[in-house]
Structure formats: C-alpha cells, structure tokens
Amino acid sequence: MDSLPSSPSLPNLRELGGWTVAGGKTFASGILFRSAAPIDPRVRTDPAVTNLGLEFVVDLRTASEAEGKPDILPPNAHLRSIDILGGAPGSAAAIPGQPTEEMAKMIASLTLDAAHEKMMETYRDLVSNDVASAGYASLIRIVLEAEGAPVLYHCTAGKDRTGWATAILMSAAGVPYDSVLAEYLSVNPAVRALFEPLAARFLSAGLSPEIADELISVQKSYLDTAFAEVDAHFGGFEGYLRDGLGLDASELADLRNLLTR
C-alpha cells in the first residue's frame with residue numbers, strides 16, 4: 001500500500017506497509033516487499049531497489065524458471081530459493097515462466113471454462129499442497145530470521161505464488177479480507193504490462209483474448225477459492241497457519257509483533 005519510487009529494473013515492485021490491521025494497528029512499513037523476478041542487470045544499481053536495503057530476496061519460482069532466468073541481486077542482499085510449485089509442476093502459475101512445448105500444447109487446447117478451472121486448481125494447490133505449505137512456512141521463517149530487516153519475495157510476475165504469500169502475511173497480521181483483496185487485485189495493471197509479449201504469443205497461437213487474460217491476470221474468484229480451501233481443510237485462517245503451515249504459537253506471536261505497529 002505504501003508508495004514506492006517506480007523502478008525501471010524491477011516490475012511490479014510494491015511494499016506491503018500501511019494497511020490498517022484489526023484493533024487499530026498498522027502493517028509495518030519498510031519490512032516486506034513483493035515484485036516480479038529481479039532478472040534485469042540494472043537491479044544492481046537501480047536506486048529504487050538498492051535504497052530498500054534488502055537483507056533477503058526470496059525466489060518462489062521453480063528450479064527450471066530460476067535456472068533459465070536467475071535472480072540478479074542488489075548489493076548485500078542474500079538469496080533464498082523456495083520452489084512453491086515443487087509438488088505441482090503442471091500448475092498454471094508456472095505457465096508464464098515455463099512456456100515449454102508441453103505447456104504450449106496444453107494452452108492451445110484450453111477453453112475459457114477450462115482455463116478458469118485451471119487457475120482455480122492452482123489456488124487450491126497453493127493452500128493444500130504439502131510442498132507449497134512447507135514453502136510458505138519457510139518464507140515466514142525467513143521473515144522472522146530477518147528480524148525486521150527488509151525482505152523481498154517474488155515469483156515470475158509477482159501475481160499467483162507471490163499473491164498468495166502476500167495474502168498469508170497480511171491475514172496473519174490481522175489485515176481484513178477486503179484490504180487483502182485490494183492488495184491482491186492491485187497488481188493487474190503491472191502484470192498485464194509485463195505479460196504483454198506473452199499475451200501476444202497466446203493470441204497468435206489461437207487463444208481468445210478472454211482465455212489469455214484468464215491465465216495472465218489475477219481475479220477475485222481466484223483469491224476467494226484459496227480462502228474457501230482454507231476454510232474447508234483447516235476451519236479458518238488460524239487453523240491454516242497452525243495446521244497447514246505448521247507454525248507454532250510463538251512463531252505466530254513473533255510474526256504479528258514484527259509486522260504490526
């Protein structure tokens with residue numbers, strides 16, 4: 001929510017700070033940042049990035065995504081890699097970062113309904129897949145390890161894997177759902193701009209604009225699906241944090257103390 005200088009090297013860069021938390025507190029500024037993958041060499045010298053003073057950059061992409069376009073770090077930042085989709089390699093969230101021949105064939109055969117269901121399946125996996133759960137727990141523990149030093153986390157475009165990570169962190173801190181949704185949807189302009197070349201490839205392969213946008217954008221129904229999965233499997237967000245991610249009471253208390261002011 002807090003405004004950041006526009007970065008010429010790092011698309012979709014956003015700060016989580018500034019949101020109102022239940023009980024009248026505020027989500028702390030200067031601690032958590034989200035973005036697309038930092039793969040532009042200018043990241044090393046871009047003041048919009050270097051002035052953040054990042055301690056950790058957390059890459060949520062698959063190994064093949066990261067190998068193809070490895071992270072470029074600003075000075076003094078340390079890389080941590082967490083493959084959120086390690087248990088669901090065919091997830092729609094990996095399509096933009098892995099436009100393989102197999103992916104291309106799958107995309108070409110999609111109907112609008114099938115594309116929508118593919119995305120809904122992705123968000124159910126982000127909640128219920130054991131590898132994803134372990135990955136998101138690792139992200140939270142990296143944030144705790146940083147002890148208030150700035151952390152940037154990202155996937156390919158910063159929309160699905162990163163979007164759910166953001167929803168977890170905001171919800172754990174006590175930010176109301178309407179604000180979590182507003183933050184989630186706020187990335188659409190940046191994501192569509194970033195994926196414009198990919199969208200053109202989708203369209204040239206015969207996909208309709210509606211199907212292409214289904215795969216590229218974020219939508220309220222996707223986030224609603226994830227929260228419904230949380231309720232169905234864990235009885236609410238506290239149960240998800242405790243039983244899904246395996247965070248203990250001490251870790252949750254430390255996280256809330258760190259993220260709220």
# chains A, B, ... in the order shown; residues from 1 in each chain; ligands from 1
$ select_by_dssp --residues "segment 7-250 of chain A" --states "alpha helix (DSSP H)" --output "PyMOL selection string"
chain A and resi 47-50+63-68+101-108+112-128+130-146+161-173+177-185+188-194+196-204+209-216+220-234+237-239+249-250
$ select_by_dssp --residues "segment 140-246 of chain A" --states "strand (DSSP E)" --output "number ranges by chain"
A: 151-154
$ residues_around --residues "Ile216 of chain A" --least-positions-apart "2" --cutoff "10 Å" --atoms "only C-alpha atoms" --output "PyMOL selection string"
chain A and resi 92-93+95-96+119+157+159-160+188+191-192+194-196+198-199+210-214+218-219
$ residues_around --residues "Pro74 of chain A" --least-positions-apart "2" --cutoff "9 Å" --atoms "only C-alpha atoms" --output "ChimeraX atom specification"
/A:42-46,49-50,53-54,72,76-78
$ residues_around --residues "Thr162 of chain A" --least-positions-apart "4" --cutoff "9 Å" --atoms "only C-alpha atoms" --output "mmCIF file with all heavy atoms, in the first residue's frame"
data_model
loop_
_atom_site.group_PDB
_atom_site.id
_atom_site.type_symbol
_atom_site.label_atom_id
_atom_site.label_comp_id
_atom_site.auth_asym_id
_atom_site.auth_seq_id
_atom_site.Cartn_x
_atom_site.Cartn_y
_atom_site.Cartn_z
ATOM 1 N N ARG A 34 7.240 -6.990 -2.421
ATOM 2 C CA ARG A 34 6.901 -8.023 -3.394
ATOM 3 C C ARG A 34 7.203 -7.497 -4.787
ATOM 4 O O ARG A 34 7.200 -6.275 -5.027
ATOM 5 C CB ARG A 34 5.427 -8.406 -3.283
ATOM 6 C CG ARG A 34 4.485 -7.223 -3.482
ATOM 7 C CD ARG A 34 3.028 -7.595 -3.363
ATOM 8 N NE ARG A 34 2.599 -8.503 -4.440
ATOM 9 C CZ ARG A 34 1.351 -8.895 -4.608
ATOM 10 N NH1 ARG A 34 0.400 -8.458 -3.808
ATOM 11 N NH2 ARG A 34 1.053 -9.711 -5.596
ATOM 12 N N SER A 35 7.416 -8.391 -5.743
ATOM 13 C CA SER A 35 7.754 -7.934 -7.093
ATOM 14 C C SER A 35 7.689 -9.105 -8.060
ATOM 15 O O SER A 35 7.446 -10.243 -7.692
ATOM 16 C CB SER A 35 9.170 -7.338 -7.119
ATOM 17 O OG SER A 35 10.148 -8.356 -6.951
ATOM 18 N N ALA A 36 7.934 -8.767 -9.337
ATOM 19 C CA ALA A 36 8.259 -9.779 -10.338
ATOM 20 C C ALA A 36 9.708 -10.201 -10.134
ATOM 21 O O ALA A 36 10.413 -9.670 -9.265
ATOM 22 C CB ALA A 36 8.042 -9.217 -11.735
ATOM 23 N N LEU A 60 10.447 -17.592 -5.262
ATOM 24 C CA LEU A 60 9.418 -18.616 -5.113
ATOM 25 C C LEU A 60 9.208 -19.439 -6.386
ATOM 26 O O LEU A 60 8.281 -20.242 -6.457
ATOM 27 C CB LEU A 60 8.090 -17.965 -4.713
ATOM 28 C CG LEU A 60 8.107 -17.104 -3.448
ATOM 29 C CD1 LEU A 60 6.729 -16.488 -3.202
ATOM 30 C CD2 LEU A 60 8.559 -17.904 -2.235
ATOM 31 N N TYR A 153 10.151 -10.770 -1.741
ATOM 32 C CA TYR A 153 9.806 -12.093 -2.243
ATOM 33 C C TYR A 153 9.126 -11.945 -3.595
ATOM 34 O O TYR A 153 8.465 -10.941 -3.874
ATOM 35 C CB TYR A 153 8.939 -12.868 -1.249
ATOM 36 C CG TYR A 153 7.658 -12.181 -0.869
ATOM 37 C CD1 TYR A 153 6.465 -12.472 -1.517
ATOM 38 C CD2 TYR A 153 7.639 -11.227 0.141
ATOM 39 C CE1 TYR A 153 5.284 -11.828 -1.175
ATOM 40 C CE2 TYR A 153 6.466 -10.577 0.495
ATOM 41 C CZ TYR A 153 5.297 -10.890 -0.174
ATOM 42 O OH TYR A 153 4.132 -10.240 0.165
ATOM 43 N N HIS A 154 9.291 -12.951 -4.447
ATOM 44 C CA HIS A 154 8.800 -12.824 -5.822
ATOM 45 C C HIS A 154 8.619 -14.194 -6.444
ATOM 46 O O HIS A 154 9.178 -15.193 -5.986
ATOM 47 C CB HIS A 154 9.788 -12.018 -6.664
ATOM 48 C CG HIS A 154 11.051 -12.791 -6.972
ATOM 49 N ND1 HIS A 154 11.165 -13.637 -8.062
ATOM 50 C CD2 HIS A 154 12.248 -12.850 -6.328
ATOM 51 C CE1 HIS A 154 12.370 -14.180 -8.070
ATOM 52 N NE2 HIS A 154 13.050 -13.730 -7.026
ATOM 53 N N CYS A 155 7.851 -14.247 -7.528
ATOM 54 C CA CYS A 155 7.816 -15.408 -8.421
ATOM 55 C C CYS A 155 8.191 -14.894 -9.810
ATOM 56 O O CYS A 155 9.156 -14.142 -9.946
ATOM 57 C CB CYS A 155 6.470 -16.126 -8.362
ATOM 58 S SG CYS A 155 5.009 -15.074 -8.521
ATOM 59 N N THR A 156 7.463 -15.265 -10.850
ATOM 60 C CA THR A 156 7.805 -14.771 -12.179
ATOM 61 C C THR A 156 7.284 -13.352 -12.396
ATOM 62 O O THR A 156 8.046 -12.443 -12.709
ATOM 63 C CB THR A 156 7.246 -15.706 -13.266
ATOM 64 O OG1 THR A 156 7.851 -16.991 -13.130
ATOM 65 C CG2 THR A 156 7.550 -15.171 -14.658
ATOM 66 N N ALA A 157 5.990 -13.164 -12.222
ATOM 67 C CA ALA A 157 5.397 -11.842 -12.400
ATOM 68 C C ALA A 157 4.982 -11.205 -11.085
ATOM 69 O O ALA A 157 4.662 -10.022 -11.052
ATOM 70 C CB ALA A 157 4.181 -11.935 -13.320
ATOM 71 N N GLY A 158 4.952 -11.995 -10.012
ATOM 72 C CA GLY A 158 4.513 -11.467 -8.726
ATOM 73 C C GLY A 158 3.008 -11.438 -8.598
ATOM 74 O O GLY A 158 2.455 -10.502 -8.023
ATOM 75 N N THR A 166 1.435 -12.998 -0.108
ATOM 76 C CA THR A 166 1.011 -11.706 0.438
ATOM 77 C C THR A 166 -0.267 -11.848 1.248
ATOM 78 O O THR A 166 -0.408 -11.268 2.335
ATOM 79 C CB THR A 166 0.814 -10.700 -0.710
ATOM 80 O OG1 THR A 166 2.052 -10.574 -1.429
ATOM 81 C CG2 THR A 166 0.382 -9.347 -0.195
ATOM 82 N N ALA A 167 -1.212 -12.628 0.742
ATOM 83 C CA ALA A 167 -2.454 -12.859 1.473
ATOM 84 C C ALA A 167 -2.178 -13.534 2.813
ATOM 85 O O ALA A 167 -2.813 -13.205 3.829
ATOM 86 C CB ALA A 167 -3.407 -13.707 0.634
#
$ residues_around --residues "segment 137-148 of chain A" --least-positions-apart "2" --cutoff "8 Å" --atoms "only C-alpha atoms" --output "list in words"
Ile31, Glu55, Phe56, Val58, Ile82, Ser133, Ala134, Gly135, Pro150, Val151, Leu169, Leu245, Gly246, Leu247, Glu251, Asp254, Leu255 and Leu258 of chain A
$ write_last_selection --atoms "N, CA and C atoms" --output "compact mmCIF listing (two decimals), in the first residue's frame"
# COMPACT_ATOMS: atom_id res chain seq x y z
N ILE A 31 9.49 -3.32 5.72
CA ILE A 31 9.89 -4.68 6.04
C ILE A 31 9.66 -5.65 4.89
N GLU A 55 17.75 -7.36 2.96
CA GLU A 55 18.55 -8.40 3.61
C GLU A 55 18.42 -9.71 2.84
N PHE A 56 17.18 -10.07 2.48
CA PHE A 56 16.92 -11.31 1.76
C PHE A 56 16.07 -11.04 0.52
N VAL A 58 13.76 -13.58 -1.74
CA VAL A 58 13.24 -14.94 -1.71
C VAL A 58 12.58 -15.26 -3.04
N ILE A 82 12.80 -20.97 -2.78
CA ILE A 82 11.74 -21.85 -2.29
C ILE A 82 10.86 -22.20 -3.49
N SER A 133 2.77 -25.66 1.13
CA SER A 133 2.62 -25.28 2.54
C SER A 133 3.97 -25.17 3.23
N ALA A 134 4.84 -26.14 2.99
CA ALA A 134 6.18 -26.09 3.58
C ALA A 134 6.95 -24.87 3.07
N GLY A 135 6.75 -24.54 1.78
CA GLY A 135 7.42 -23.38 1.21
C GLY A 135 6.97 -22.08 1.83
N PRO A 150 14.63 -5.62 5.77
CA PRO A 150 13.74 -5.75 4.61
C PRO A 150 13.92 -7.05 3.84
N VAL A 151 12.78 -7.63 3.46
CA VAL A 151 12.74 -8.87 2.69
C VAL A 151 11.89 -8.63 1.44
N LEU A 169 0.65 -13.36 4.65
CA LEU A 169 1.31 -12.42 5.55
C LEU A 169 0.36 -11.35 6.07
N LEU A 245 0.48 -24.75 7.74
CA LEU A 245 1.87 -24.30 7.61
C LEU A 245 2.76 -24.81 8.73
N GLY A 246 2.16 -25.30 9.82
CA GLY A 246 2.96 -25.85 10.91
C GLY A 246 3.64 -24.81 11.76
N LEU A 247 3.08 -23.60 11.83
CA LEU A 247 3.67 -22.54 12.65
C LEU A 247 3.17 -22.68 14.08
N GLU A 251 5.93 -18.57 17.08
CA GLU A 251 6.26 -18.01 15.76
C GLU A 251 5.18 -17.04 15.31
N ASP A 254 5.46 -13.82 17.31
CA ASP A 254 6.62 -13.04 16.86
C ASP A 254 6.34 -12.38 15.51
N LEU A 255 5.67 -13.10 14.61
CA LEU A 255 5.35 -12.53 13.30
C LEU A 255 4.43 -11.33 13.46
N LEU A 258 6.22 -8.38 14.82
CA LEU A 258 7.14 -7.81 13.83
C LEU A 258 6.42 -6.98 12.79
$ residues_around --residues "Val180 of chain A" --least-positions-apart "2" --cutoff "8 Å" --atoms "only C-alpha atoms" --output "list in words"
Thr166, Ala167, Met170, Ser171, Val175, Pro176, Tyr177, Asp178, Ala182, Glu183 and Tyr184 of chain A
$ closest_residue --among "A:Arg201, A:Arg124, A:Arg161, A:Arg80" --to "Thr225 of chain A" --atoms "only C-alpha atoms"
A:Arg124
$ closest_residue --among "A:Ser250, A:Leu73, A:Pro38, A:Asn257" --to "Leu10 of chain A" --atoms "only C-alpha atoms"
A:Pro38
$ closest_residue --among "A:Leu126, A:Ala149, A:Ala193, A:Leu215" --to "Thr111 of chain A" --atoms "only C-alpha atoms"
A:Leu215
$ atom_distance --atom1 "atom CA of Thr122 of chain A" --atom2 "atom CA of Tyr136 of chain A"
14.9 Å
